[in-house]
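Here's the structure we're looking at; comments come further down.
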Amino acid sequence: MKNVRVRFAPSPTGGLHLGGVRTVLYNYLFARQHKGTFVLRIEDTDQSRYVEGAEQYIFDCLQWCGLTPDESSIHGGPFTPYRQSERKDMYKKYADQLVKDGHAYYAFDTPEELEAMREKLKASGSNSLQYDHSVRMKMKNSLNLSEVETTQMIDNGVPYVIRIKVEPSQNIHLHDLIRGEVHFDSSTVDDKVLMKADGMPTYHLAVVVDDFLMEISHAFRGEEWLPSAPVHILLWKYLFGLDKMPQWAHLPLILKPDGHGKLSKRDGDALGFPVFAMNWKDPKSGETTKGFKETGFLPEAFINMLAVLGWNDGTEQEIFSMEELIGKFSIDRVHKGGARFDFEKAKWYNHEWIKISSTEKLFPLVNDVYLANGLLVDEQLLRSVIPVIKDRCTLITDFYQQGNFFFQSPTVWDLSSISKWDDNKKAFFLSFIDTLRAIDWNMADIENCFKNLAAEKGIKPGELQLPMRIMLVGGKFGPAVFLIASIIGKEETISRIQNVLNKL
RNA sequence: GCCGCGUUGGUCAAGGGGUUAAGACGCCUCCCUUUCACGGAGGAAUCACGGGUUCGAAUCCCGUACGUGGUACCA
């Protein structure tokens, strides 16, 4: 295999959603697996949709995910520039060559004229409303105009686009790494615009030219591009030769959890889960969309979940590290069908990753969560608390709810859970406090003390544990009570018991 | 409408002519724990439909249905 070079080419229009990250991931895994290069190219040929800051945002997301590109507009590389807006001049040359070779032509039709054409086609009951071989000879373009007229119009500054001239009745096929042979009848392919009136190329021309110039060997992209693949193939054939064309793979779509269609930002808003990798603040609308990172996801879990949404290695393994993915990923095991996104499963992956992550790894993240909740905690104490509570945390943000009582006394108590409270039990806790003062502070001794005293008073320890828990943590959750007591210390334990005793 | 792609439990999916049709999430029951989890043991639940081919089809072929994407001077 020649040098593997893959690329991800996002449009900087804001946000980086699940499907985008998965596309990057598969590109990245493939590149790493083949000791190749992962290129990030920015597709900003649609100036009207360009959003300030979106490019940097994409870099930040990729970095968080551990998918740092080898070449990009900020990392540099041998094929600079990596922004299409800065490569504008390169495309014109190829478009002109296409015209010269008779594979493309100038079209002067105005938007109104195009609209009129579609109306007319609709009225005639035509199956297709496309600008294609069947209508092009009735339109205002260089195929109908004389050479003199054409050059005159161009010289006079009449706006024009360059369209590809697709010859009808040809079989166009491509070999897709995931789907196998895919065939198209060129009669159903329209004369796509290659160069827009503003001098910018469309995606179709730009991908082909850039992929050639950047020596891209494998092109993986979303399935939504499959219908325009014949145009790209024709362009490769006319411009550079099919033998130079990268190998294609069209990735399945990620679908809405319920209902129909492609997953969109709106679904996340409606159903209460993120669809972007990281928080995205749209500078135009000022609106912020929540990200997986801020929701409390570990990048490892996010990547793991995405990798397995549409791919698996054929075994029962579910948890994969990036290294394992690089070793085991194979493009031909990627599914053909789209997959519904399931947030519950995504959370399960996160939970699994939290369970296997070290305290050292979790510490800074958890510390940030405490800080965000306005709690400055003792680092050593937090380090000892993390392993104790991580089994019950699904999101990093859960560490606050599951562990804040180690650092501060609860302020609300679920007193209703303490049933059958009586003087007998109160007496127990009163003398328990006294005995506690005298003992050595460790979990086993606290527990023994508690149980012996309970036996002495003739009360079942079980009936006393729940009240004790409410006293220490405020509610019916958390690790073993005696463990908690041993961690928060003697004074704090006694004070919390006394505090609640006064309320009962 | 036309073109492309797809279709195994509610979801993610293994399996590609002979299987009791894996496994995971979620759900339910039980055990552990007199908290909540974790962990453990079980359970309900699936090959879209119709025709072929074949001794035999979830698996191959053809239709149909359904889903999904495209059908822009957006990517």
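Residues are named by chain letter and number: chains run A, B, ... in the order of the structure tokens, numbers start at 1 in each chain, and ligands are numbered from 1 in the order shown.
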
field: Filtered DSSP result for region 259-344 of chain A, state alpha helix (DSSP H), as a list in words
entry: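 Alpha helix (DSSP H) assignments inside region 259-344 of chain A correspond to Lys265, Arg266, Asp267, Gly268, Asp269, Ala270, Leu271, Phe292, Lys293, Glu294, Thr295, Pro299, Glu300, Ala301, Phe302, Ile303, Asn304, Met305, Leu306, Ala307, Met322, Glu323, Glu324, Leu325, Ile326, Gly327, Lys328, Phe343 and Glu344 of chain A.
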
Could you please take those selected residues and save N, CA and C atoms as a PDB file, in the first residue's frame?
ATOM      1  N   LYS A 265     -28.581  18.607  16.453  1.00  0.00           N
ATOM      2  CA  LYS A 265     -28.427  19.350  17.696  1.00  0.00           C
ATOM      3  C   LYS A 265     -29.761  19.492  18.433  1.00  0.00           C
ATOM      4  N   ARG A 266     -30.798  19.695  17.660  1.00  0.00           N
ATOM      5  CA  ARG A 266     -32.128  19.879  18.252  1.00  0.00           C
ATOM      6  C   ARG A 266     -32.594  18.659  19.049  1.00  0.00           C
ATOM      7  N   ASP A 267     -32.206  17.471  18.572  1.00  0.00           N
ATOM      8  CA  ASP A 267     -32.622  16.259  19.282  1.00  0.00           C
ATOM      9  C   ASP A 267     -32.035  16.237  20.671  1.00  0.00           C
ATOM     10  N   GLY A 268     -30.778  16.658  20.764  1.00  0.00           N
ATOM     11  CA  GLY A 268     -30.122  16.694  22.058  1.00  0.00           C
ATOM     12  C   GLY A 268     -30.845  17.663  22.982  1.00  0.00           C
ATOM     13  N   ASP A 269     -31.144  18.830  22.451  1.00  0.00           N
ATOM     14  CA  ASP A 269     -31.840  19.835  23.257  1.00  0.00           C
ATOM     15  C   ASP A 269     -33.175  19.289  23.747  1.00  0.00           C
ATOM     16  N   ALA A 270     -33.872  18.627  22.833  1.00  0.00           N
ATOM     17  CA  ALA A 270     -35.209  18.142  23.162  1.00  0.00           C
ATOM     18  C   ALA A 270     -35.179  16.977  24.144  1.00  0.00           C
ATOM     19  N   LEU A 271     -34.224  16.068  23.949  1.00  0.00           N
ATOM     20  CA  LEU A 271     -34.193  14.874  24.775  1.00  0.00           C
ATOM     21  C   LEU A 271     -33.226  14.973  25.962  1.00  0.00           C
ATOM     22  N   PHE A 292     -20.337  16.878  25.428  1.00  0.00           N
ATOM     23  CA  PHE A 292     -20.116  15.657  26.200  1.00  0.00           C
ATOM     24  C   PHE A 292     -19.112  15.906  27.314  1.00  0.00           C
ATOM     25  N   LYS A 293     -18.090  16.676  27.010  1.00  0.00           N
ATOM     26  CA  LYS A 293     -17.061  16.939  28.003  1.00  0.00           C
ATOM     27  C   LYS A 293     -17.679  17.576  29.242  1.00  0.00           C
ATOM     28  N   GLU A 294     -18.431  18.637  29.028  1.00  0.00           N
ATOM     29  CA  GLU A 294     -19.007  19.368  30.150  1.00  0.00           C
ATOM     30  C   GLU A 294     -20.124  18.597  30.850  1.00  0.00           C
ATOM     31  N   THR A 295     -20.703  17.638  30.154  1.00  0.00           N
ATOM     32  CA  THR A 295     -21.750  16.835  30.765  1.00  0.00           C
ATOM     33  C   THR A 295     -21.137  15.832  31.749  1.00  0.00           C
ATOM     34  N   PRO A 299     -13.059  11.479  27.847  1.00  0.00           N
ATOM     35  CA  PRO A 299     -12.825  11.357  26.408  1.00  0.00           C
ATOM     36  C   PRO A 299     -12.672   9.898  25.970  1.00  0.00           C
ATOM     37  N   GLU A 300     -12.094   9.068  26.815  1.00  0.00           N
ATOM     38  CA  GLU A 300     -11.923   7.647  26.479  1.00  0.00           C
ATOM     39  C   GLU A 300     -13.276   6.983  26.270  1.00  0.00           C
ATOM     40  N   ALA A 301     -14.222   7.330  27.122  1.00  0.00           N
ATOM     41  CA  ALA A 301     -15.554   6.732  27.031  1.00  0.00           C
ATOM     42  C   ALA A 301     -16.281   7.242  25.795  1.00  0.00           C
ATOM     43  N   PHE A 302     -16.115   8.521  25.543  1.00  0.00           N
ATOM     44  CA  PHE A 302     -16.764   9.145  24.394  1.00  0.00           C
ATOM     45  C   PHE A 302     -16.274   8.482  23.104  1.00  0.00           C
ATOM     46  N   ILE A 303     -14.976   8.318  23.004  1.00  0.00           N
ATOM     47  CA  ILE A 303     -14.370   7.694  21.834  1.00  0.00           C
ATOM     48  C   ILE A 303     -14.774   6.222  21.723  1.00  0.00           C
ATOM     49  N   ASN A 304     -14.743   5.527  22.837  1.00  0.00           N
ATOM     50  CA  ASN A 304     -15.116   4.113  22.871  1.00  0.00           C
ATOM     51  C   ASN A 304     -16.547   3.923  22.370  1.00  0.00           C
ATOM     52  N   MET A 305     -17.428   4.733  22.906  1.00  0.00           N
ATOM     53  CA  MET A 305     -18.845   4.646  22.556  1.00  0.00           C
ATOM     54  C   MET A 305     -19.058   4.918  21.066  1.00  0.00           C
ATOM     55  N   LEU A 306     -18.365   5.927  20.577  1.00  0.00           N
ATOM     56  CA  LEU A 306     -18.500   6.298  19.168  1.00  0.00           C
ATOM     57  C   LEU A 306     -17.929   5.225  18.241  1.00  0.00           C
ATOM     58  N   ALA A 307     -16.795   4.675  18.632  1.00  0.00           N
ATOM     59  CA  ALA A 307     -16.135   3.676  17.799  1.00  0.00           C
ATOM     60  C   ALA A 307     -17.044   2.468  17.592  1.00  0.00           C
ATOM     61  N   MET A 322      -7.926   3.565  23.101  1.00  0.00           N
ATOM     62  CA  MET A 322      -7.526   4.055  21.789  1.00  0.00           C
ATOM     63  C   MET A 322      -6.478   3.127  21.169  1.00  0.00           C
ATOM     64  N   GLU A 323      -5.547   2.636  21.987  1.00  0.00           N
ATOM     65  CA  GLU A 323      -4.507   1.741  21.471  1.00  0.00           C
ATOM     66  C   GLU A 323      -5.130   0.458  20.908  1.00  0.00           C
ATOM     67  N   GLU A 324      -6.084  -0.076  21.651  1.00  0.00           N
ATOM     68  CA  GLU A 324      -6.743  -1.294  21.172  1.00  0.00           C
ATOM     69  C   GLU A 324      -7.518  -1.038  19.890  1.00  0.00           C
ATOM     70  N   LEU A 325      -8.159   0.131  19.832  1.00  0.00           N
ATOM     71  CA  LEU A 325      -8.920   0.461  18.632  1.00  0.00           C
ATOM     72  C   LEU A 325      -7.991   0.550  17.427  1.00  0.00           C
ATOM     73  N   ILE A 326      -6.854   1.178  17.630  1.00  0.00           N
ATOM     74  CA  ILE A 326      -5.898   1.304  16.527  1.00  0.00           C
ATOM     75  C   ILE A 326      -5.478  -0.087  16.045  1.00  0.00           C
ATOM     76  N   GLY A 327      -5.295  -0.980  16.993  1.00  0.00           N
ATOM     77  CA  GLY A 327      -4.880  -2.321  16.622  1.00  0.00           C
ATOM     78  C   GLY A 327      -5.983  -3.146  15.973  1.00  0.00           C
ATOM     79  N   LYS A 328      -7.212  -2.954  16.437  1.00  0.00           N
ATOM     80  CA  LYS A 328      -8.279  -3.856  16.011  1.00  0.00           C
ATOM     81  C   LYS A 328      -9.240  -3.314  14.964  1.00  0.00           C
ATOM     82  N   PHE A 343     -28.417   7.301  24.421  1.00  0.00           N
ATOM     83  CA  PHE A 343     -27.684   8.011  25.478  1.00  0.00           C
ATOM     84  C   PHE A 343     -27.465   7.135  26.707  1.00  0.00           C
ATOM     85  N   GLU A 344     -28.385   6.230  26.988  1.00  0.00           N
ATOM     86  CA  GLU A 344     -28.209   5.340  28.137  1.00  0.00           C
ATOM     87  C   GLU A 344     -26.951   4.484  27.972  1.00  0.00           C
TER      88      GLU A 344
END

Taking only C-alpha atoms (C1' of nucleotides) into account, what are the residues of chain A at most 8 Å from chain B, put as a CSV table (one decimal) with C-alpha atoms, in the first residue's frame?
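Listed below is the output, out_38.csv:
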chain,number,residue,atom,x,y,z
A,11,SER,CA,-17.0,23.1,7.3
A,43,GLU,CA,-13.7,23.5,4.0
A,46,ASP,CA,-19.1,28.9,1.8
A,127,ASN,CA,-39.2,13.1,-12.9
A,128,SER,CA,-36.2,15.2,-12.5
A,129,LEU,CA,-35.8,18.9,-11.8
A,130,GLN,CA,-32.1,18.8,-12.4
A,161,VAL,CA,-20.6,29.5,-12.9
A,184,PHE,CA,-24.9,4.9,-11.0
A,188,THR,CA,-29.5,10.7,-13.5
A,193,VAL,CA,-21.8,23.6,-10.3
A,195,MET,CA,-17.1,27.1,-9.6
A,196,LYS,CA,-19.5,29.5,-8.0
A,197,ALA,CA,-20.1,33.1,-9.3
A,203,TYR,CA,-17.2,21.2,-2.4
A,223,GLU,CA,-23.1,8.4,3.7
A,224,GLU,CA,-24.8,11.6,2.8
A,225,TRP,CA,-22.0,12.1,0.2
A,226,LEU,CA,-22.7,8.9,-1.6
A,227,PRO,CA,-25.2,10.4,-4.1
A,228,SER,CA,-22.6,13.0,-5.2
A,261,GLY,CA,-33.8,11.1,10.6
A,309,LEU,CA,-21.6,2.7,17.2
A,314,GLY,CA,-16.5,-9.5,16.0
A,315,THR,CA,-15.8,-10.6,19.6
A,316,GLU,CA,-17.7,-9.8,22.7
A,318,GLU,CA,-17.1,-3.7,24.5
A,336,LYS,CA,-23.7,-0.4,6.3
A,337,GLY,CA,-26.8,0.6,8.1
A,338,GLY,CA,-27.2,3.7,10.2
A,339,ALA,CA,-27.4,3.4,14.0
A,340,ARG,CA,-29.7,5.0,16.5
A,342,ASP,CA,-28.7,5.7,22.7
A,344,GLU,CA,-28.2,5.3,28.1
A,345,LYS,CA,-25.6,3.2,26.5
A,348,TRP,CA,-22.9,3.0,30.5
A,391,ASP,CA,-18.4,2.7,41.4
A,392,ARG,CA,-21.6,4.8,41.9
A,462,GLY,CA,-29.9,-2.8,61.1
A,463,GLU,CA,-32.5,-0.6,62.6
A,465,GLN,CA,-27.7,1.9,60.5
A,466,LEU,CA,-30.1,3.9,58.4
A,469,ARG,CA,-26.5,7.1,57.6
A,476,LYS,CA,-30.1,7.0,51.6
A,477,PHE,CA,-27.0,6.8,49.5
A,478,GLY,CA,-23.2,6.6,49.7
A,479,PRO,CA,-20.7,3.9,50.7

query: Near Lys93 (chain A), counting only C-alpha atoms (C1' of nucleotides), which residues have an atom at most 12 Å away, once you skip same-chain residues fewer than 5 positions from it, shown as a PyMOL selection string?
result: chain A and resi 87-88+98-100+162+194-195+199+201+205-206+209+239

Store the residues of this selection in a file with C-alpha atoms, as a PDB file, in the first residue's frame.
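Wrote again_38.pdb, looks like this:
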ATOM      1  CA  ARG A  87      -6.318  27.842  -1.802  1.00  0.00           C
ATOM      2  CA  LYS A  88      -8.841  29.644  -3.934  1.00  0.00           C
ATOM      3  CA  LEU A  98     -12.070  21.099 -17.643  1.00  0.00           C
ATOM      4  CA  VAL A  99     -13.748  23.708 -19.842  1.00  0.00           C
ATOM      5  CA  LYS A 100     -10.913  23.560 -22.324  1.00  0.00           C
ATOM      6  CA  ILE A 162     -18.754  26.604 -14.300  1.00  0.00           C
ATOM      7  CA  LEU A 194     -17.988  23.436  -9.905  1.00  0.00           C
ATOM      8  CA  MET A 195     -17.088  27.089  -9.558  1.00  0.00           C
ATOM      9  CA  GLY A 199     -15.026  32.577  -7.695  1.00  0.00           C
ATOM     10  CA  PRO A 201     -15.151  26.315  -5.847  1.00  0.00           C
ATOM     11  CA  LEU A 205     -14.320  20.515  -7.228  1.00  0.00           C
ATOM     12  CA  ALA A 206     -12.471  21.344  -4.044  1.00  0.00           C
ATOM     13  CA  VAL A 209      -8.426  18.943  -6.337  1.00  0.00           C
ATOM     14  CA  LEU A 239      -8.500  15.669 -14.237  1.00  0.00           C
TER      15      LEU A 239
END

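Taking only region 227-375 of chain A, the residues that DSSP calls strand (DSSP E or B) from the backbone come to Gln247, Trp248, Ala249, His250, Leu251, Ile254, Leu255, Lys262, Phe276, Trp280, Lys281, Thr288, Thr289, Gly291, Trp311, Val334, Ala339 and Arg340 of chain A.
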
How would the residues just chosen look if you wrote them out with C-alpha atoms as a compact mmCIF listing (two decimals), in the first residue's frame?
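Output file out38.txt is given in full below:
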# COMPACT_ATOMS: atom_id res chain seq x y z
CA GLN A 247 -10.22 4.62 -1.99
CA TRP A 248 -13.64 5.54 -0.75
CA ALA A 249 -15.61 4.51 2.28
CA HIS A 250 -18.99 6.02 3.05
CA LEU A 251 -19.77 5.78 6.73
CA ILE A 254 -25.99 8.29 13.28
CA LEU A 255 -29.74 8.49 13.70
CA LYS A 262 -30.29 12.11 11.15
CA PHE A 276 -21.50 18.07 20.42
CA TRP A 280 -20.28 25.30 21.65
CA LYS A 281 -21.23 28.93 21.91
CA THR A 288 -24.63 27.65 24.00
CA THR A 289 -24.99 23.97 23.19
CA GLY A 291 -20.99 19.16 25.09
CA TRP A 311 -18.35 -1.07 14.21
CA VAL A 334 -17.99 -1.06 9.65
CA ALA A 339 -27.35 3.36 13.99
CA ARG A 340 -29.67 5.02 16.46

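In this model, the gap between CA of Leu213 (chain A) and CA of Met90 (chain A) comes to 9.7 Å.
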
message: Ranking A:Asp198, A:Tyr94, A:Ala346, A:Ala107 by minimum distance to Trp236 (chain A) and counting only C-alpha atoms, which one comes first?
response: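 For Trp236 (chain A), the nearest of the candidates is A:Tyr94.
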
- prompt: Excluding same-chain residues fewer than 5 positions from Met153 (chain A), what lies within 12 Å of it counting only C-alpha atoms (C1' of nucleotides), as a count of residues only?
  reply: 14

- prompt: For Val385 (chain A), which of A:Pro10, A:Gly403, A:Gly66, A:Gly296 is the closest residue, counting only C-alpha atoms?
  reply: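 Among the listed residues, the smallest separation from Val385 (chain A) belongs to A:Gly403.
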